[in-house]
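Participant: Below you'll find structure.cif; it's mmCIF, C-alpha atoms.
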```
data_my_file
#
loop_
_atom_site.label_atom_id
_atom_site.label_comp_id
_atom_site.auth_asym_id
_atom_site.auth_seq_id
_atom_site.Cartn_x
_atom_site.Cartn_y
_atom_site.Cartn_z
CA MET H 276 -7.67 -4.88 -23.63
CA THR H 277 -5.13 -7.64 -23.15
CA ASP H 278 -6.35 -11.10 -22.17
CA ALA H 279 -3.20 -11.72 -20.13
CA PRO H 280 -3.09 -9.62 -16.94
CA LYS H 281 0.31 -8.52 -15.69
CA TYR H 282 -0.65 -9.13 -12.08
CA LYS H 283 -2.25 -12.00 -10.17
CA ARG H 284 -3.32 -10.11 -7.02
CA VAL H 285 -4.00 -6.37 -6.89
CA LEU H 286 -5.38 -3.76 -4.51
CA LEU H 287 -7.65 -1.01 -5.80
CA LYS H 288 -7.72 2.19 -3.75
CA LEU H 289 -10.79 4.36 -4.28
CA SER H 290 -11.27 7.76 -2.71
CA GLY H 291 -14.68 8.48 -1.25
CA GLU H 292 -14.90 11.39 -3.69
CA ALA H 293 -14.63 8.94 -6.60
CA LEU H 294 -18.04 7.55 -5.60
CA MET H 295 -19.73 10.95 -5.77
CA GLY H 296 -19.72 11.18 -9.56
CA ASN H 297 -20.64 14.74 -10.41
CA GLY H 298 -22.35 15.28 -7.07
CA GLN H 299 -21.15 17.38 -4.17
CA PHE H 300 -21.41 14.68 -1.51
CA GLY H 301 -22.75 11.18 -0.87
CA LEU H 302 -22.96 8.33 -3.37
CA ASP H 303 -23.85 8.42 -7.06
CA PRO H 304 -25.46 5.02 -7.86
CA GLU H 305 -24.49 5.21 -11.54
CA THR H 306 -20.82 5.80 -10.69
CA VAL H 307 -20.78 3.05 -8.06
CA ASN H 308 -22.33 0.61 -10.56
CA GLN H 309 -19.82 1.55 -13.26
CA ILE H 310 -16.92 0.92 -10.87
CA ALA H 311 -18.49 -2.40 -9.85
CA HIS H 312 -18.67 -3.51 -13.49
CA ASP H 313 -15.03 -2.50 -13.97
CA ILE H 314 -14.03 -4.61 -10.97
CA LYS H 315 -16.05 -7.55 -12.33
CA GLU H 316 -14.17 -7.27 -15.62
CA VAL H 317 -10.86 -7.64 -13.78
CA VAL H 318 -12.14 -10.57 -11.71
CA LYS H 319 -13.16 -12.32 -14.95
CA MET H 320 -9.53 -11.99 -16.08
CA GLY H 321 -8.58 -14.30 -13.21
CA VAL H 322 -7.12 -11.53 -11.04
CA GLU H 323 -7.60 -11.55 -7.27
CA VAL H 324 -8.91 -8.14 -6.23
CA CYS H 325 -9.07 -6.38 -2.88
CA VAL H 326 -10.39 -2.86 -2.40
CA VAL H 327 -9.89 -0.02 0.07
CA VAL H 328 -12.42 2.82 -0.06
CA GLY H 329 -12.06 6.26 1.49
CA GLY H 330 -14.86 8.17 3.20
CA GLY H 331 -14.38 11.78 2.12
CA ASN H 332 -17.72 11.87 0.30
CA ILE H 333 -19.47 11.45 3.67
CA PHE H 334 -17.09 12.73 6.36
CA ARG H 335 -13.43 13.68 6.34
CA GLY H 336 -11.59 13.47 9.67
CA LEU H 337 -9.14 16.29 8.88
CA SER H 338 -12.00 18.64 8.01
CA GLY H 339 -13.74 17.81 11.27
CA ALA H 340 -10.53 18.42 13.21
CA ALA H 341 -9.99 21.71 11.39
CA ALA H 342 -13.48 22.78 12.47
CA GLY H 343 -12.56 22.25 16.11
CA MET H 344 -13.46 18.61 16.66
CA GLU H 345 -11.02 16.44 18.60
CA ARG H 346 -8.82 14.73 15.99
CA SER H 347 -9.21 11.12 17.13
CA THR H 348 -12.99 11.44 17.30
CA ALA H 349 -13.08 13.01 13.84
CA ASP H 350 -10.89 10.24 12.41
CA TYR H 351 -13.09 7.51 13.91
CA MET H 352 -16.12 9.14 12.32
CA GLY H 353 -14.25 9.10 9.01
CA MET H 354 -13.57 5.37 9.46
CA LEU H 355 -17.29 4.74 9.90
CA ALA H 356 -17.90 6.62 6.64
CA THR H 357 -15.55 4.23 4.84
CA VAL H 358 -17.61 1.28 6.10
CA MET H 359 -20.76 2.84 4.62
CA ASN H 360 -18.97 3.16 1.28
CA SER H 361 -17.66 -0.41 1.55
CA LEU H 362 -21.18 -1.76 2.05
CA ALA H 363 -22.42 0.26 -0.93
CA MET H 364 -19.63 -1.17 -3.07
CA GLN H 365 -20.37 -4.69 -1.83
CA ASN H 366 -24.05 -4.30 -2.71
CA ALA H 367 -23.24 -3.08 -6.23
CA LEU H 368 -20.83 -5.96 -6.84
CA GLU H 369 -23.15 -8.67 -5.53
CA GLN H 370 -26.04 -7.36 -7.64
CA ILE H 371 -23.97 -8.18 -10.74
CA GLY H 372 -22.89 -11.61 -9.49
CA VAL H 373 -19.50 -10.88 -7.91
CA GLU H 374 -19.00 -12.67 -4.60
CA THR H 375 -17.73 -10.16 -2.06
CA ARG H 376 -16.70 -9.88 1.57
CA VAL H 377 -16.31 -6.72 3.66
CA GLN H 378 -13.77 -6.80 6.48
CA THR H 379 -13.41 -3.91 8.91
CA ALA H 380 -10.50 -2.85 11.10
CA ILE H 381 -13.03 -1.80 13.77
CA PRO H 382 -15.14 -4.85 14.70
CA MET H 383 -18.83 -4.50 13.75
CA ASP H 384 -19.96 -8.09 13.34
CA THR H 385 -23.55 -7.26 12.44
CA VAL H 386 -22.58 -5.75 9.08
CA ALA H 387 -19.12 -7.10 8.23
CA GLU H 388 -16.38 -9.53 9.18
CA PRO H 389 -13.55 -8.34 11.42
CA TYR H 390 -10.25 -7.96 9.59
CA ILE H 391 -8.36 -11.24 9.82
CA ARG H 392 -5.47 -11.51 7.40
CA ARG H 393 -5.56 -15.26 6.81
CA ARG H 394 -9.34 -15.25 6.35
CA ALA H 395 -9.00 -12.43 3.82
CA GLU H 396 -6.36 -14.44 1.95
CA ARG H 397 -8.70 -17.45 1.80
CA HIS H 398 -11.46 -15.28 0.34
CA LEU H 399 -9.06 -14.02 -2.33
CA ASP H 400 -7.93 -17.57 -3.10
CA LYS H 401 -11.59 -18.47 -3.69
CA GLY H 402 -12.05 -15.62 -6.16
CA ARG H 403 -13.98 -13.31 -3.85
CA VAL H 404 -13.43 -9.56 -3.86
CA VAL H 405 -12.42 -8.40 -0.38
CA ILE H 406 -13.27 -4.83 0.61
CA PHE H 407 -11.36 -3.44 3.59
CA GLY H 408 -13.23 -0.81 5.60
CA ALA H 409 -12.45 1.46 8.58
CA GLY H 410 -8.93 2.28 7.39
CA THR H 411 -6.22 0.91 9.67
CA GLY H 412 -8.52 1.15 12.69
CA ASN H 413 -6.32 3.89 14.14
CA PRO H 414 -6.69 7.68 14.10
CA TYR H 415 -4.03 9.85 12.44
CA PHE H 416 -3.64 7.38 9.54
CA THR H 417 -5.31 7.91 6.17
CA THR H 418 -7.00 5.35 3.95
CA ASP H 419 -4.01 5.75 1.59
CA THR H 420 -1.84 4.31 4.36
CA ALA H 421 -4.49 1.63 4.97
CA ALA H 422 -4.33 0.71 1.28
CA ALA H 423 -0.53 0.41 1.37
CA LEU H 424 -0.74 -1.65 4.58
CA ARG H 425 -3.36 -4.07 3.24
CA ALA H 426 -1.55 -4.40 -0.09
CA SER H 427 1.58 -5.37 1.83
CA GLU H 428 -0.24 -7.83 4.10
CA MET H 429 -2.11 -9.47 1.23
CA GLY H 430 1.01 -9.84 -0.89
CA CYS H 431 -0.43 -7.71 -3.70
CA GLU H 432 1.82 -7.17 -6.69
CA VAL H 433 0.57 -3.64 -7.34
CA LEU H 434 -1.55 -0.91 -5.75
CA LEU H 435 -3.86 0.85 -8.21
CA LYS H 436 -5.23 4.24 -7.21
CA GLY H 437 -8.36 5.23 -9.09
CA THR H 438 -8.71 9.02 -9.34
CA LYS H 439 -10.52 11.65 -11.38
CA VAL H 440 -7.52 12.16 -13.70
CA ASP H 441 -5.51 9.75 -15.85
CA GLY H 442 -2.24 9.90 -13.93
CA VAL H 443 0.04 12.16 -11.91
CA TYR H 444 0.56 15.72 -13.11
CA SER H 445 3.06 18.41 -12.16
CA ALA H 446 0.09 20.60 -11.19
CA ASP H 447 -3.70 20.39 -11.13
CA PRO H 448 -4.57 19.86 -14.83
CA VAL H 449 -8.00 21.41 -14.32
CA LYS H 450 -6.51 24.67 -13.06
CA ASP H 451 -3.29 24.60 -15.12
CA PRO H 452 -3.65 23.42 -18.75
CA THR H 453 0.15 23.43 -19.12
CA ALA H 454 0.57 20.80 -16.36
CA GLU H 455 2.84 17.92 -17.38
CA ARG H 456 1.60 14.34 -17.05
CA PHE H 457 4.21 11.81 -15.95
CA GLU H 458 4.39 8.31 -17.43
CA THR H 459 6.80 7.00 -14.77
CA LEU H 460 7.94 8.33 -11.43
CA SER H 461 10.25 7.12 -8.71
CA TYR H 462 9.17 6.96 -5.07
CA LYS H 463 11.96 9.47 -4.32
CA ARG H 464 10.63 11.97 -6.89
CA VAL H 465 7.16 11.79 -5.35
CA PHE H 466 8.71 12.54 -1.95
CA THR H 467 11.07 15.33 -2.99
CA ASP H 468 8.60 17.12 -5.27
CA ASP H 469 5.72 16.54 -2.83
CA LEU H 470 3.44 15.55 -5.72
CA GLY H 471 0.57 14.59 -3.43
CA VAL H 472 -0.13 11.21 -5.01
CA MET H 473 -0.63 9.59 -1.61
CA ASP H 474 0.50 10.59 1.84
CA HIS H 475 4.15 10.02 2.75
CA SER H 476 3.44 7.09 5.07
CA ALA H 477 1.75 5.21 2.23
CA ILE H 478 4.57 5.95 -0.22
CA ALA H 479 7.18 4.84 2.32
CA LEU H 480 5.34 1.58 2.97
CA THR H 481 4.94 0.70 -0.71
CA ARG H 482 8.58 1.56 -1.36
CA GLU H 483 9.74 -0.58 1.56
CA ASN H 484 7.73 -3.55 0.26
CA ASN H 485 8.54 -2.92 -3.42
CA ILE H 486 4.88 -2.48 -4.43
CA PRO H 487 4.47 -0.25 -7.51
CA ILE H 488 1.63 2.29 -7.55
CA ILE H 489 -0.46 2.86 -10.67
CA VAL H 490 -2.51 6.06 -10.80
CA PHE H 491 -5.32 6.03 -13.38
CA SER H 492 -8.76 7.51 -14.04
CA ILE H 493 -11.51 5.39 -12.50
CA TYR H 494 -14.11 7.40 -14.45
CA GLU H 495 -12.99 5.95 -17.79
CA THR H 496 -14.95 2.75 -18.33
CA GLY H 497 -12.64 -0.27 -18.59
CA SER H 498 -9.58 1.65 -17.40
CA PHE H 499 -9.07 -0.62 -14.37
CA ALA H 500 -8.81 -3.72 -16.57
CA LYS H 501 -6.53 -1.89 -19.00
CA ALA H 502 -4.20 -0.82 -16.20
CA VAL H 503 -4.07 -4.36 -14.79
CA GLY H 504 -3.12 -5.52 -18.28
CA GLY H 505 -0.39 -2.87 -18.58
CA GLU H 506 -2.35 -0.88 -21.15
CA GLY H 507 -4.22 2.42 -21.22
CA CYS H 508 -3.24 5.78 -19.81
CA PHE H 509 -1.72 5.89 -16.33
CA THR H 510 1.31 6.88 -14.27
CA ILE H 511 3.36 4.17 -12.57
CA ILE H 512 5.44 4.88 -9.48
CA LYS H 513 8.16 2.36 -8.73
#
```
What do you get writing this file as C-alpha coordinates?
Facilitator:
Amino acid sequence: MTDAPKYKRVLLKLSGEALMGNGQFGLDPETVNQIAHDIKEVVKMGVEVCVVVGGGNIFRGLSGAAAGMERSTADYMGMLATVMNSLAMQNALEQIGVETRVQTAIPMDTVAEPYIRRRAERHLDKGRVVIFGAGTGNPYFTTDTAAALRASEMGCEVLLKGTKVDGVYSADPVKDPTAERFETLSYKRVFTDDLGVMDHSAIALTRENNIPIIVFSIYETGSFAKAVGGEGCFTIIK
(Lines of atoms letter the chains of each structure in order from A and count residues from 1; the text may use other names and numbers.)
(Lines give C-alpha, C1' and ligand atoms only; values in the text may rest on other atoms or scores of the structure.)
Protein backbone atom coordinates (compact mmCIF):
# COMPACT_ATOMS: atom_id res chain seq x y z
CA MET A 1 0.00 0.00 0.00
CA THR A 2 1.23 3.47 -0.83
CA ASP A 3 2.02 5.86 2.01
CA ALA A 4 0.89 8.84 -0.07
CA PRO A 5 -2.89 8.91 -0.58
CA LYS A 6 -4.18 10.38 -3.83
CA TYR A 7 -7.06 12.10 -2.08
CA LYS A 8 -7.42 14.32 0.98
CA ARG A 9 -11.18 13.94 1.58
CA VAL A 10 -13.24 10.96 0.45
CA LEU A 11 -16.74 9.54 0.84
CA LEU A 12 -17.24 5.81 1.30
CA LYS A 13 -20.62 4.44 0.22
CA LEU A 14 -21.56 1.11 1.78
CA SER A 15 -24.68 -0.83 0.89
CA GLY A 16 -26.62 -2.32 3.76
CA GLU A 17 -26.02 -5.72 2.17
CA ALA A 18 -22.26 -5.21 2.57
CA LEU A 19 -22.75 -5.38 6.35
CA MET A 20 -24.49 -8.77 6.20
CA GLY A 21 -21.36 -10.76 5.42
CA ASN A 22 -22.51 -14.20 4.41
CA GLY A 23 -25.82 -13.81 6.23
CA GLN A 24 -29.25 -13.35 4.71
CA PHE A 25 -30.19 -10.23 6.67
CA GLY A 26 -29.10 -8.04 9.57
CA LEU A 27 -25.54 -7.28 10.64
CA ASP A 28 -22.51 -9.56 10.73
CA PRO A 29 -20.27 -8.26 13.57
CA GLU A 30 -17.11 -9.70 12.00
CA THR A 31 -17.78 -7.94 8.69
CA VAL A 32 -18.64 -4.64 10.40
CA ASN A 33 -15.42 -4.83 12.44
CA GLN A 34 -13.33 -5.60 9.35
CA ILE A 35 -14.78 -2.57 7.55
CA ALA A 36 -14.13 -0.42 10.64
CA HIS A 37 -10.47 -1.47 10.67
CA ASP A 38 -10.21 -0.66 6.96
CA ILE A 39 -11.62 2.82 7.61
CA LYS A 40 -9.17 3.31 10.49
CA GLU A 41 -6.29 2.43 8.16
CA VAL A 42 -7.36 5.20 5.78
CA VAL A 43 -7.79 7.70 8.62
CA LYS A 44 -4.23 6.92 9.75
CA MET A 45 -3.07 7.90 6.25
CA GLY A 46 -4.27 11.44 7.01
CA VAL A 47 -7.38 11.18 4.83
CA GLU A 48 -10.66 12.78 5.92
CA VAL A 49 -13.40 10.17 5.64
CA CYS A 50 -17.18 10.44 5.55
CA VAL A 51 -19.49 7.46 5.13
CA VAL A 52 -23.00 6.84 3.81
CA VAL A 53 -24.56 3.48 4.65
CA GLY A 54 -27.60 1.90 3.01
CA GLY A 55 -30.30 -0.03 4.84
CA GLY A 56 -31.15 -2.94 2.55
CA ASN A 57 -29.96 -5.52 5.09
CA ILE A 58 -32.81 -4.43 7.40
CA PHE A 59 -35.53 -2.90 5.21
CA ARG A 60 -35.64 -1.81 1.58
CA GLY A 61 -38.20 0.84 0.66
CA LEU A 62 -38.71 -0.39 -2.90
CA SER A 63 -39.43 -3.91 -1.67
CA GLY A 64 -41.98 -2.58 0.79
CA ALA A 65 -43.63 -0.52 -1.94
CA ALA A 66 -43.68 -3.53 -4.26
CA ALA A 67 -45.49 -5.49 -1.55
CA GLY A 68 -48.25 -2.90 -1.46
CA MET A 69 -46.98 -0.43 1.12
CA GLU A 70 -47.31 3.28 0.36
CA ARG A 71 -43.99 4.34 -1.22
CA SER A 72 -43.18 7.32 1.00
CA THR A 73 -43.86 5.32 4.17
CA ALA A 74 -41.69 2.47 2.91
CA ASP A 75 -38.86 4.86 2.05
CA TYR A 76 -38.98 6.49 5.50
CA MET A 77 -38.74 3.06 7.08
CA GLY A 78 -35.69 2.40 4.89
CA MET A 79 -34.14 5.66 6.13
CA LEU A 80 -34.55 4.52 9.73
CA ALA A 81 -32.77 1.27 8.81
CA THR A 82 -29.79 3.29 7.57
CA VAL A 83 -29.59 5.04 10.95
CA MET A 84 -29.41 1.65 12.70
CA ASN A 85 -26.53 0.67 10.41
CA SER A 86 -24.83 4.03 10.99
CA LEU A 87 -24.93 3.54 14.75
CA ALA A 88 -23.50 0.03 14.37
CA MET A 89 -20.68 1.40 12.24
CA GLN A 90 -20.04 4.20 14.74
CA ASN A 91 -19.84 1.69 17.59
CA ALA A 92 -17.36 -0.51 15.71
CA LEU A 93 -15.15 2.47 14.86
CA GLU A 94 -15.13 3.94 18.36
CA GLN A 95 -14.26 0.55 19.88
CA ILE A 96 -10.99 0.67 17.93
CA GLY A 97 -10.23 4.29 18.81
CA VAL A 98 -11.62 6.17 15.81
CA GLU A 99 -13.50 9.32 16.79
CA THR A 100 -16.82 9.35 14.96
CA ARG A 101 -19.98 11.40 14.57
CA VAL A 102 -23.33 10.31 13.12
CA GLN A 103 -25.46 12.97 11.45
CA THR A 104 -28.96 12.22 10.22
CA ALA A 105 -31.09 13.93 7.59
CA ILE A 106 -34.15 13.22 9.76
CA PRO A 107 -33.62 14.86 13.17
CA MET A 108 -33.35 12.34 16.04
CA ASP A 109 -31.30 14.20 18.62
CA THR A 110 -31.29 11.41 21.19
CA VAL A 111 -29.08 9.15 19.06
CA ALA A 112 -27.33 11.42 16.55
CA GLU A 113 -26.65 14.98 15.46
CA PRO A 114 -28.89 16.58 12.85
CA TYR A 115 -27.19 17.03 9.49
CA ILE A 116 -25.55 20.45 9.42
CA ARG A 117 -23.05 20.89 6.62
CA ARG A 118 -20.66 23.28 8.34
CA ARG A 119 -20.64 21.21 11.53
CA ALA A 120 -19.87 18.10 9.47
CA GLU A 121 -16.99 19.94 7.80
CA ARG A 122 -15.57 20.91 11.21
CA HIS A 123 -15.69 17.29 12.33
CA LEU A 124 -13.79 16.25 9.20
CA ASP A 125 -11.23 19.01 9.74
CA LYS A 126 -10.63 17.59 13.23
CA GLY A 127 -10.00 14.10 11.86
CA ARG A 128 -13.33 12.60 12.86
CA VAL A 129 -15.16 10.14 10.64
CA VAL A 130 -18.63 11.47 9.83
CA ILE A 131 -21.37 8.94 9.07
CA PHE A 132 -24.43 10.31 7.30
CA GLY A 133 -27.67 8.45 8.04
CA ALA A 134 -31.29 8.62 6.83
CA GLY A 135 -30.34 9.17 3.18
CA THR A 136 -31.33 12.60 1.87
CA GLY A 137 -34.28 12.75 4.28
CA ASN A 138 -36.69 12.54 1.34
CA PRO A 139 -38.60 9.58 -0.10
CA TYR A 140 -38.01 8.50 -3.71
CA PHE A 141 -34.24 9.09 -3.40
CA THR A 142 -31.78 6.26 -2.80
CA THR A 143 -28.75 6.22 -0.52
CA ASP A 144 -26.63 6.25 -3.71
CA THR A 145 -28.07 9.69 -4.44
CA ALA A 146 -27.50 10.65 -0.79
CA ALA A 147 -23.86 9.61 -1.14
CA ALA A 148 -23.41 11.72 -4.28
CA LEU A 149 -25.14 14.66 -2.58
CA ARG A 150 -23.03 14.50 0.59
CA ALA A 151 -19.83 14.02 -1.41
CA SER A 152 -20.68 17.18 -3.34
CA GLU A 153 -21.57 19.17 -0.21
CA MET A 154 -18.45 18.06 1.68
CA GLY A 155 -16.15 18.83 -1.23
CA CYS A 156 -14.96 15.22 -1.47
CA GLU A 157 -12.44 14.48 -4.20
CA VAL A 158 -13.78 10.99 -4.87
CA LEU A 159 -16.73 8.74 -4.03
CA LEU A 160 -15.74 5.14 -3.28
CA LYS A 161 -18.44 2.50 -3.49
CA GLY A 162 -17.64 -0.66 -1.57
CA THR A 163 -19.37 -3.70 -3.07
CA LYS A 164 -19.12 -7.48 -3.09
CA VAL A 165 -17.10 -7.51 -6.34
CA ASP A 166 -13.84 -5.82 -7.33
CA GLY A 167 -15.23 -3.40 -9.91
CA VAL A 168 -17.88 -2.95 -12.58
CA TYR A 169 -18.60 -5.87 -14.90
CA SER A 170 -20.53 -6.14 -18.15
CA ALA A 171 -22.76 -8.72 -16.43
CA ASP A 172 -23.08 -10.39 -13.04
CA PRO A 173 -19.72 -12.21 -12.69
CA VAL A 174 -21.28 -14.77 -10.34
CA LYS A 175 -23.86 -15.80 -12.94
CA ASP A 176 -21.74 -15.17 -16.05
CA PRO A 177 -18.07 -16.24 -15.82
CA THR A 178 -17.38 -14.57 -19.19
CA ALA A 179 -18.38 -11.12 -17.85
CA GLU A 180 -15.83 -8.42 -18.65
CA ARG A 181 -14.42 -6.26 -15.85
CA PHE A 182 -13.84 -2.62 -16.74
CA GLU A 183 -10.78 -0.70 -15.52
CA THR A 184 -12.17 2.71 -16.53
CA LEU A 185 -15.59 3.92 -17.56
CA SER A 186 -17.09 7.24 -18.52
CA TYR A 187 -20.24 8.59 -16.88
CA LYS A 188 -21.87 8.49 -20.33
CA ARG A 189 -21.06 4.78 -20.80
CA VAL A 190 -22.63 3.96 -17.44
CA PHE A 191 -25.77 5.81 -18.53
CA THR A 192 -26.05 4.44 -22.06
CA ASP A 193 -25.24 0.83 -21.15
CA ASP A 194 -27.33 1.03 -17.96
CA LEU A 195 -24.57 -0.76 -16.03
CA GLY A 196 -26.34 -0.36 -12.69
CA VAL A 197 -23.34 0.98 -10.78
CA MET A 198 -25.49 3.57 -9.00
CA ASP A 199 -28.85 5.06 -9.85
CA HIS A 200 -28.98 7.70 -12.58
CA SER A 201 -29.56 10.60 -10.19
CA ALA A 202 -26.34 9.76 -8.35
CA ILE A 203 -24.34 9.42 -11.56
CA ALA A 204 -25.70 12.73 -12.87
CA LEU A 205 -24.80 14.51 -9.63
CA THR A 206 -21.24 13.17 -9.52
CA ARG A 207 -20.75 14.01 -13.20
CA GLU A 208 -22.06 17.54 -12.69
CA ASN A 209 -19.64 18.10 -9.79
CA ASN A 210 -16.73 16.25 -11.43
CA ILE A 211 -16.44 13.66 -8.64
CA PRO A 212 -14.97 10.35 -9.87
CA ILE A 213 -16.49 7.10 -8.59
CA ILE A 214 -14.31 4.16 -7.59
CA VAL A 215 -16.02 0.77 -7.33
CA PHE A 216 -14.06 -1.83 -5.33
CA SER A 217 -14.58 -4.90 -3.15
CA ILE A 218 -15.10 -3.96 0.49
CA TYR A 219 -14.70 -7.63 1.47
CA GLU A 220 -11.00 -7.65 0.59
CA THR A 221 -9.11 -6.54 3.69
CA GLY A 222 -7.14 -3.35 3.04
CA SER A 223 -8.83 -2.67 -0.29
CA PHE A 224 -10.23 0.69 0.85
CA ALA A 225 -6.75 2.01 1.68
CA LYS A 226 -5.37 0.62 -1.57
CA ALA A 227 -8.08 2.33 -3.60
CA VAL A 228 -7.49 5.65 -1.82
CA GLY A 229 -3.81 5.27 -2.71
CA GLY A 230 -4.63 4.54 -6.36
CA GLU A 231 -3.62 0.88 -6.04
CA GLY A 232 -5.41 -2.46 -5.97
CA CYS A 233 -8.21 -3.74 -8.15
CA PHE A 234 -11.10 -1.39 -8.91
CA THR A 235 -13.08 0.36 -11.63
CA ILE A 236 -12.97 4.15 -11.85
CA ILE A 237 -15.77 6.15 -13.44
CA LYS A 238 -14.87 9.67 -14.49
Participant: List the spatial neighbours of segment 313-317 of chain H as a PyMOL selection string - criterion: any atom at most 12 Å away, all atoms listed in the file, same-chain residues fewer than 2 positions off excluded.
Facilitator: chain H and resi 276-289+306-311+319-326+364-365+367-375+402-406+435+437+492-504
Participant: Can you spell out as a JSON list (two decimals) with C-alpha atoms, in the coordinates of the input the set of residues that the PyMOL selection byres ((chain H and resi 480-485) around 7) selects in the structure I just provided?
Facilitator:
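Wrote expr.json, looks like this:
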```
[["chain", "number", "residue", "atom", "x", "y", "z"],
["H", 423, "ALA", "CA", -0.53, 0.41, 1.37],
["H", 427, "SER", "CA", 1.58, -5.37, 1.83],
["H", 462, "TYR", "CA", 9.17, 6.96, -5.07],
["H", 476, "SER", "CA", 3.44, 7.09, 5.07],
["H", 477, "ALA", "CA", 1.75, 5.21, 2.23],
["H", 478, "ILE", "CA", 4.57, 5.95, -0.22],
["H", 479, "ALA", "CA", 7.18, 4.84, 2.32],
["H", 486, "ILE", "CA", 4.88, -2.48, -4.43],
["H", 487, "PRO", "CA", 4.47, -0.25, -7.51]]
```
Participant: Would you work out the distance separating atom CA of Cys508 of chain H from atom CA of Ala422 of chain H, expressed in Å to one decimal?
Facilitator: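 Separating atom CA of Cys508 of chain H from atom CA of Ala422 of chain H is a distance of 21.7 Å.
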Participant: Selection in question (the file shown): the PyMOL selection byres ((chain H and resi 359) around 12). Which residues does it include, as a PyMOL selection string?
Facilitator: chain H and resi 291+294+301-302+328-334+352-358+360-366+377+379+383+386-387+406-409
Participant: What would the selection look like, as a list of chain:residue names, if the PyMOL selection byres ((chain H and resi 392) around 12) were run on the coordinates I just shared?
Facilitator: H:Gln378, H:Thr379, H:Ala380, H:Glu388, H:Pro389, H:Tyr390, H:Ile391, H:Arg393, H:Arg394, H:Ala395, H:Glu396, H:Arg397, H:His398, H:Leu399, H:Val405, H:Phe407, H:Leu424, H:Arg425, H:Ala426, H:Ser427, H:Glu428, H:Met429, H:Gly430
Participant: By how many Å are atom CA of Glu506 of chain H and atom CA of Ile488 of chain H apart?
Facilitator: 14.5 Å
Participant: Please, which residues are within 8 Å of (-13.0, 11.5, 13.3) by the file's coordinates, counting all atoms listed in the file, and could they come as JSON, numbers by chain?
Facilitator: {"H": [335, 336, 337, 339, 340, 344, 345, 346, 347, 348, 349, 350, 351, 352, 353, 354, 414]}
Participant: So what do you get for atom CA of Thr510 of chain H versus atom CA of Thr418 of chain H, distance-wise?
Facilitator: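 Between these atoms lies a distance of 20.1 Å.
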Participant: Nearest to Phe491 of chain H: which of H:Ser445, H:Thr438, H:Thr453, H:Thr417 is it, counting all atoms listed in the file?
Facilitator: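 Counting all atoms listed in the file, the residue closest to Phe491 of chain H is H:Thr438.
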